[in-house]
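Here is the file start22.csv (CSV, N, CA, C and O atoms).
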```csv
chain,number,residue,atom,x,y,z
Q,1,MET,N,0.9,-1.2,0.0
Q,1,MET,CA,0.0,0.0,0.0
Q,1,MET,C,0.9,1.2,0.0
Q,1,MET,O,1.8,1.4,0.8
Q,2,GLY,N,0.7,2.1,-1.0
Q,2,GLY,CA,1.5,3.3,-1.0
Q,2,GLY,C,1.0,4.4,-0.1
Q,2,GLY,O,-0.1,4.3,0.5
Q,3,ILE,N,1.7,5.5,0.0
Q,3,ILE,CA,1.4,6.6,0.9
Q,3,ILE,C,0.0,7.2,0.6
Q,3,ILE,O,-0.7,7.5,1.5
Q,4,LYS,N,-0.3,7.3,-0.7
Q,4,LYS,CA,-1.6,7.9,-1.1
Q,4,LYS,C,-2.7,7.0,-0.6
Q,4,LYS,O,-3.7,7.5,-0.1
Q,5,ASP,N,-2.6,5.7,-0.8
Q,5,ASP,CA,-3.6,4.8,-0.3
Q,5,ASP,C,-3.7,4.9,1.2
Q,5,ASP,O,-4.8,4.8,1.8
Q,6,GLU,N,-2.6,5.0,1.9
Q,6,GLU,CA,-2.7,5.1,3.4
Q,6,GLU,C,-3.4,6.4,3.8
Q,6,GLU,O,-4.1,6.4,4.8
Q,7,LEU,N,-3.1,7.5,3.1
Q,7,LEU,CA,-3.7,8.7,3.5
Q,7,LEU,C,-5.2,8.7,3.2
Q,7,LEU,O,-6.0,9.2,4.0
Q,8,ARG,N,-5.6,8.0,2.1
Q,8,ARG,CA,-7.0,7.9,1.8
Q,8,ARG,C,-7.7,7.0,2.9
Q,8,ARG,O,-8.9,7.3,3.3
Q,9,ALA,N,-7.1,6.0,3.3
Q,9,ALA,CA,-7.6,5.1,4.3
Q,9,ALA,C,-7.8,5.9,5.6
Q,9,ALA,O,-8.8,5.8,6.3
Q,10,LEU,N,-6.8,6.7,6.0
Q,10,LEU,CA,-6.9,7.5,7.2
Q,10,LEU,C,-8.0,8.5,7.1
Q,10,LEU,O,-8.8,8.7,8.0
Q,11,ALA,N,-8.2,9.2,5.9
Q,11,ALA,CA,-9.2,10.1,5.7
Q,11,ALA,C,-10.6,9.5,5.9
Q,11,ALA,O,-11.5,10.1,6.5
Q,12,GLU,N,-10.8,8.3,5.4
Q,12,GLU,CA,-12.0,7.5,5.6
Q,12,GLU,C,-12.3,7.3,7.1
Q,12,GLU,O,-13.4,7.5,7.5
Q,13,VAL,N,-11.3,6.9,7.8
Q,13,VAL,CA,-11.5,6.6,9.2
Q,13,VAL,C,-11.9,7.9,9.9
Q,13,VAL,O,-12.8,8.0,10.7
Q,14,GLN,N,-11.2,9.0,9.6
Q,14,GLN,CA,-11.5,10.3,10.2
Q,14,GLN,C,-12.9,10.8,9.9
Q,14,GLN,O,-13.5,11.4,10.8
Q,15,ARG,N,-13.4,10.5,8.8
Q,15,ARG,CA,-14.8,10.9,8.5
Q,15,ARG,C,-15.8,10.2,9.3
Q,15,ARG,O,-16.9,10.7,9.6
Q,16,THR,N,-15.5,9.0,9.8
Q,16,THR,CA,-16.5,8.2,10.6
Q,16,THR,C,-16.4,8.5,12.1
Q,16,THR,O,-17.3,8.3,12.8
Q,17,LEU,N,-15.3,9.1,12.5
Q,17,LEU,CA,-15.1,9.4,14.0
Q,17,LEU,C,-16.2,10.3,14.6
Q,17,LEU,O,-16.7,9.9,15.7
Q,18,PRO,N,-16.6,11.4,14.0
Q,18,PRO,CA,-17.6,12.2,14.7
Q,18,PRO,C,-18.9,11.4,14.9
Q,18,PRO,O,-19.5,11.6,16.0
Q,19,ASN,N,-19.3,10.7,14.0
Q,19,ASN,CA,-20.6,9.9,14.1
Q,19,ASN,C,-20.4,8.8,15.2
Q,19,ASN,O,-21.3,8.6,16.0
Q,20,LYS,N,-19.3,8.1,15.2
Q,20,LYS,CA,-19.1,7.1,16.2
Q,20,LYS,C,-19.0,7.8,17.6
Q,20,LYS,O,-19.6,7.2,18.6
Q,21,ARG,N,-18.3,8.9,17.7
Q,21,ARG,CA,-18.2,9.6,19.0
Q,21,ARG,C,-19.6,10.0,19.5
Q,21,ARG,O,-19.9,9.8,20.6
Q,22,ALA,N,-20.4,10.6,18.6
Q,22,ALA,CA,-21.7,11.1,19.0
Q,22,ALA,C,-22.6,9.9,19.5
Q,22,ALA,O,-23.3,10.0,20.5
Q,23,ALA,N,-22.5,8.8,18.8
Q,23,ALA,CA,-23.3,7.6,19.2
Q,23,ALA,C,-22.9,7.1,20.5
Q,23,ALA,O,-23.7,6.8,21.4
Q,24,LEU,N,-21.6,7.1,20.8
Q,24,LEU,CA,-21.1,6.6,22.1
Q,24,LEU,C,-21.4,7.6,23.2
Q,24,LEU,O,-21.7,7.2,24.3
Q,25,VAL,N,-21.3,8.9,22.9
Q,25,VAL,CA,-21.7,9.9,23.9
Q,25,VAL,C,-23.2,9.8,24.2
Q,25,VAL,O,-23.5,9.8,25.4
Q,26,ASP,N,-24.0,9.6,23.3
Q,26,ASP,CA,-25.5,9.5,23.5
Q,26,ASP,C,-25.7,8.2,24.4
Q,26,ASP,O,-26.4,8.3,25.4
Q,27,ARG,N,-25.0,7.1,24.1
Q,27,ARG,CA,-25.2,5.9,24.9
Q,27,ARG,C,-24.7,6.1,26.3
Q,27,ARG,O,-25.3,5.7,27.3
Q,28,ALA,N,-23.5,6.8,26.5
Q,28,ALA,CA,-23.0,7.0,27.8
Q,28,ALA,C,-23.9,7.9,28.6
Q,28,ALA,O,-24.1,7.7,29.8
Q,29,ARG,N,-24.5,8.9,28.0
Q,29,ARG,CA,-25.4,9.8,28.7
Q,29,ARG,C,-26.7,9.0,29.1
Q,29,ARG,O,-27.2,9.2,30.2
Q,30,ARG,N,-27.2,8.2,28.2
Q,30,ARG,CA,-28.4,7.3,28.6
Q,30,ARG,C,-28.1,6.4,29.7
Q,30,ARG,O,-28.9,6.1,30.5
Q,31,GLU,N,-26.8,6.0,29.8
Q,31,GLU,CA,-26.4,5.1,30.9
Q,31,GLU,C,-26.0,5.8,32.2
Q,31,GLU,O,-25.5,5.2,33.1
Q,32,GLY,N,-26.2,7.1,32.2
Q,32,GLY,CA,-26.0,7.9,33.4
Q,32,GLY,C,-24.6,8.6,33.6
Q,32,GLY,O,-24.4,9.2,34.6
Q,33,MET,N,-23.7,8.5,32.6
Q,33,MET,CA,-22.5,9.2,32.7
Q,33,MET,C,-22.7,10.7,32.6
Q,33,MET,O,-23.5,11.2,31.9
Q,34,THR,N,-21.8,11.5,33.3
Q,34,THR,CA,-21.9,12.9,33.2
Q,34,THR,C,-21.1,13.4,32.0
Q,34,THR,O,-20.2,12.7,31.5
Q,35,TRP,N,-21.4,14.6,31.6
Q,35,TRP,CA,-20.6,15.3,30.5
Q,35,TRP,C,-19.2,15.3,30.9
Q,35,TRP,O,-18.3,15.1,30.1
Q,36,ARG,N,-18.9,15.6,32.2
Q,36,ARG,CA,-17.5,15.7,32.7
Q,36,ARG,C,-16.8,14.4,32.6
Q,36,ARG,O,-15.6,14.4,32.1
Q,37,GLU,N,-17.4,13.3,33.0
Q,37,GLU,CA,-16.8,12.0,32.9
Q,37,GLU,C,-16.4,11.7,31.4
Q,37,GLU,O,-15.3,11.2,31.1
Q,38,ILE,N,-17.4,11.9,30.6
Q,38,ILE,CA,-17.2,11.5,29.2
Q,38,ILE,C,-16.1,12.4,28.6
Q,38,ILE,O,-15.2,11.9,27.9
Q,39,ALA,N,-16.1,13.7,28.8
Q,39,ALA,CA,-15.1,14.6,28.3
Q,39,ALA,C,-13.7,14.2,28.8
Q,39,ALA,O,-12.8,14.2,28.0
Q,40,LYS,N,-13.6,13.8,30.0
Q,40,LYS,CA,-12.3,13.4,30.5
Q,40,LYS,C,-11.8,12.2,29.8
Q,40,LYS,O,-10.6,12.2,29.4
Q,41,ILE,N,-12.6,11.2,29.6
Q,41,ILE,CA,-12.2,10.0,28.9
Q,41,ILE,C,-11.8,10.3,27.4
Q,41,ILE,O,-10.8,9.7,26.9
Q,42,LEU,N,-12.5,11.2,26.8
Q,42,LEU,CA,-12.2,11.6,25.4
Q,42,LEU,C,-11.2,12.7,25.3
Q,42,LEU,O,-10.8,13.1,24.2
Q,43,ASP,N,-10.6,13.1,26.4
Q,43,ASP,CA,-9.6,14.1,26.4
Q,43,ASP,C,-10.1,15.4,25.7
Q,43,ASP,O,-9.4,16.0,24.9
Q,44,MET,N,-11.3,15.8,26.1
Q,44,MET,CA,-11.9,17.0,25.6
Q,44,MET,C,-12.3,17.9,26.8
Q,44,MET,O,-12.4,17.3,27.9
Q,45,THR,N,-12.6,19.1,26.6
Q,45,THR,CA,-13.2,19.9,27.6
Q,45,THR,C,-14.7,19.6,27.7
Q,45,THR,O,-15.3,19.2,26.7
Q,46,GLU,N,-15.3,19.8,28.8
Q,46,GLU,CA,-16.8,19.6,28.9
Q,46,GLU,C,-17.5,20.5,28.0
Q,46,GLU,O,-18.4,20.0,27.2
Q,47,PRO,N,-17.2,21.8,28.0
Q,47,PRO,CA,-17.9,22.7,27.0
Q,47,PRO,C,-17.7,22.3,25.5
Q,47,PRO,O,-18.6,22.4,24.7
Q,48,GLY,N,-16.5,21.9,25.2
Q,48,GLY,CA,-16.2,21.4,23.9
Q,48,GLY,C,-17.0,20.2,23.5
Q,48,GLY,O,-17.4,20.1,22.3
Q,49,LEU,N,-17.1,19.3,24.4
Q,49,LEU,CA,-17.9,18.1,24.1
Q,49,LEU,C,-19.3,18.4,23.9
Q,49,LEU,O,-20.0,17.9,22.9
Q,50,ILE,N,-19.9,19.2,24.8
Q,50,ILE,CA,-21.3,19.6,24.6
Q,50,ILE,C,-21.5,20.3,23.3
Q,50,ILE,O,-22.5,20.1,22.6
Q,51,LYS,N,-20.6,21.2,23.0
Q,51,LYS,CA,-20.7,22.0,21.7
Q,51,LYS,C,-20.7,21.0,20.5
Q,51,LYS,O,-21.5,21.1,19.6
Q,52,ALA,N,-19.8,20.1,20.5
Q,52,ALA,CA,-19.6,19.1,19.4
Q,52,ALA,C,-20.9,18.2,19.3
Q,52,ALA,O,-21.4,17.9,18.2
Q,53,ASP,N,-21.4,17.8,20.5
Q,53,ASP,CA,-22.6,17.0,20.5
Q,53,ASP,C,-23.8,17.7,20.0
Q,53,ASP,O,-24.6,17.2,19.2
Q,54,LYS,N,-23.9,19.0,20.3
Q,54,LYS,CA,-25.0,19.8,19.9
Q,54,LYS,C,-25.0,20.0,18.3
Q,54,LYS,O,-26.0,19.9,17.6
Q,55,ALA,N,-23.8,20.3,17.8
Q,55,ALA,CA,-23.6,20.5,16.4
Q,55,ALA,C,-23.9,19.2,15.6
Q,55,ALA,O,-24.5,19.3,14.6
Q,56,TRP,N,-23.5,18.1,16.2
Q,56,TRP,CA,-23.8,16.8,15.5
Q,56,TRP,C,-25.3,16.6,15.4
Q,56,TRP,O,-25.8,16.2,14.4
Q,57,LYS,N,-26.0,16.8,16.5
Q,57,LYS,CA,-27.4,16.6,16.5
Q,57,LYS,C,-28.2,17.6,15.6
Q,57,LYS,O,-29.2,17.3,15.0
Q,58,GLU,N,-27.7,18.8,15.5
Q,58,GLU,CA,-28.3,19.8,14.6
Q,58,GLU,C,-28.1,19.4,13.2
Q,58,GLU,O,-29.0,19.8,12.3
Q,59,ARG,N,-27.1,18.7,12.8
Q,59,ARG,CA,-26.9,18.3,11.5
Q,59,ARG,C,-27.7,17.0,11.2
Q,59,ARG,O,-27.8,16.6,10.0
Q,60,GLY,N,-28.2,16.4,12.2
Q,60,GLY,CA,-29.0,15.2,12.0
Q,60,GLY,C,-28.3,14.0,11.4
Q,60,GLY,O,-28.8,13.3,10.6
Q,61,LYS,N,-27.0,13.8,11.8
Q,61,LYS,CA,-26.3,12.7,11.2
Q,61,LYS,C,-26.8,11.4,11.7
Q,61,LYS,O,-27.2,11.3,12.9
Q,62,PRO,N,-26.7,10.4,10.9
Q,62,PRO,CA,-27.1,9.0,11.4
Q,62,PRO,C,-26.0,8.5,12.3
Q,62,PRO,O,-24.9,8.9,12.2
Q,63,GLU,N,-26.5,7.6,13.2
Q,63,GLU,CA,-25.5,7.0,14.1
Q,63,GLU,C,-24.6,6.1,13.3
Q,63,GLU,O,-25.0,5.4,12.3
Q,64,GLY,N,-23.3,6.1,13.6
Q,64,GLY,CA,-22.3,5.3,12.9
Q,64,GLY,C,-21.5,4.5,13.7
Q,64,GLY,O,-20.7,4.1,14.1
```
Could you render the structure as C-alpha cells?
Amino acid sequence: MGIKDELRALAEVQRTLPNKRAALVDRARREGMTWREIAKILDMTEPGLIKADKAWKERGKPEG
C-alpha cells in the first residue's frame, strides 16, 4: 500500500469518527455518565464536548 492509499484510508476513518463519538456519547449519557466524565475520557473539555454533540445533533447525522 502506497502513501496515497494510506492517506485515503486515514481520511475515511477520520470521516467516521464524529458519528461514532456522537453515538457513544449518547449511549454514555443514557447510561448515566456525566458530561464531565465523558469529556475526561475523550480528552476534551466539557464545553467542547457539549458543543460538538449539539452540532452533531443539529446536522441530524445518522449513528455510525
Mind checking which residues fall within 12 Å of Lys57 (chain Q), counting only C-alpha atoms, ignoring those fewer than 6 positions away in the same chain, and posting them as a list in words? Pro18, Asn19, Arg21, Ala22, Ala23, Val25, Asp26, Ile50, Lys51 and Glu63 of chain Q
Dump as an mmCIF file, keeping the file's coordinate frame, selection limited to N, CA, C and O atoms:
```cif
data_model
loop_
_atom_site.group_PDB
_atom_site.id
_atom_site.type_symbol
_atom_site.label_atom_id
_atom_site.label_comp_id
_atom_site.auth_asym_id
_atom_site.auth_seq_id
_atom_site.Cartn_x
_atom_site.Cartn_y
_atom_site.Cartn_z
ATOM 1 N N PRO Q 18 -16.600 11.400 14.000
ATOM 2 C CA PRO Q 18 -17.600 12.200 14.700
ATOM 3 C C PRO Q 18 -18.900 11.400 14.900
ATOM 4 O O PRO Q 18 -19.500 11.600 16.000
ATOM 5 N N ASN Q 19 -19.300 10.700 14.000
ATOM 6 C CA ASN Q 19 -20.600 9.900 14.100
ATOM 7 C C ASN Q 19 -20.400 8.800 15.200
ATOM 8 O O ASN Q 19 -21.300 8.600 16.000
ATOM 9 N N ARG Q 21 -18.300 8.900 17.700
ATOM 10 C CA ARG Q 21 -18.200 9.600 19.000
ATOM 11 C C ARG Q 21 -19.600 10.000 19.500
ATOM 12 O O ARG Q 21 -19.900 9.800 20.600
ATOM 13 N N ALA Q 22 -20.400 10.600 18.600
ATOM 14 C CA ALA Q 22 -21.700 11.100 19.000
ATOM 15 C C ALA Q 22 -22.600 9.900 19.500
ATOM 16 O O ALA Q 22 -23.300 10.000 20.500
ATOM 17 N N ALA Q 23 -22.500 8.800 18.800
ATOM 18 C CA ALA Q 23 -23.300 7.600 19.200
ATOM 19 C C ALA Q 23 -22.900 7.100 20.500
ATOM 20 O O ALA Q 23 -23.700 6.800 21.400
ATOM 21 N N VAL Q 25 -21.300 8.900 22.900
ATOM 22 C CA VAL Q 25 -21.700 9.900 23.900
ATOM 23 C C VAL Q 25 -23.200 9.800 24.200
ATOM 24 O O VAL Q 25 -23.500 9.800 25.400
ATOM 25 N N ASP Q 26 -24.000 9.600 23.300
ATOM 26 C CA ASP Q 26 -25.500 9.500 23.500
ATOM 27 C C ASP Q 26 -25.700 8.200 24.400
ATOM 28 O O ASP Q 26 -26.400 8.300 25.400
ATOM 29 N N ILE Q 50 -19.900 19.200 24.800
ATOM 30 C CA ILE Q 50 -21.300 19.600 24.600
ATOM 31 C C ILE Q 50 -21.500 20.300 23.300
ATOM 32 O O ILE Q 50 -22.500 20.100 22.600
ATOM 33 N N LYS Q 51 -20.600 21.200 23.000
ATOM 34 C CA LYS Q 51 -20.700 22.000 21.700
ATOM 35 C C LYS Q 51 -20.700 21.000 20.500
ATOM 36 O O LYS Q 51 -21.500 21.100 19.600
ATOM 37 N N GLU Q 63 -26.500 7.600 13.200
ATOM 38 C CA GLU Q 63 -25.500 7.000 14.100
ATOM 39 C C GLU Q 63 -24.600 6.100 13.300
ATOM 40 O O GLU Q 63 -25.000 5.400 12.300
#
```
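What separates CA of Arg8 (chain Q) from CA of Ile41 (chain Q) is a distance of 27.7 Å.
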For atom O of Lys4 (chain Q) and CA of Leu49 (chain Q), determine how far apart the two atoms are, in Å to one decimal place.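 Those two atoms sit 30.0 Å apart.
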Between CA of Pro47 (chain Q) and CA of Glu31 (chain Q), distance in Å (one decimal):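 CA of Glu31 (chain Q) lies 19.9 Å from CA of Pro47 (chain Q).
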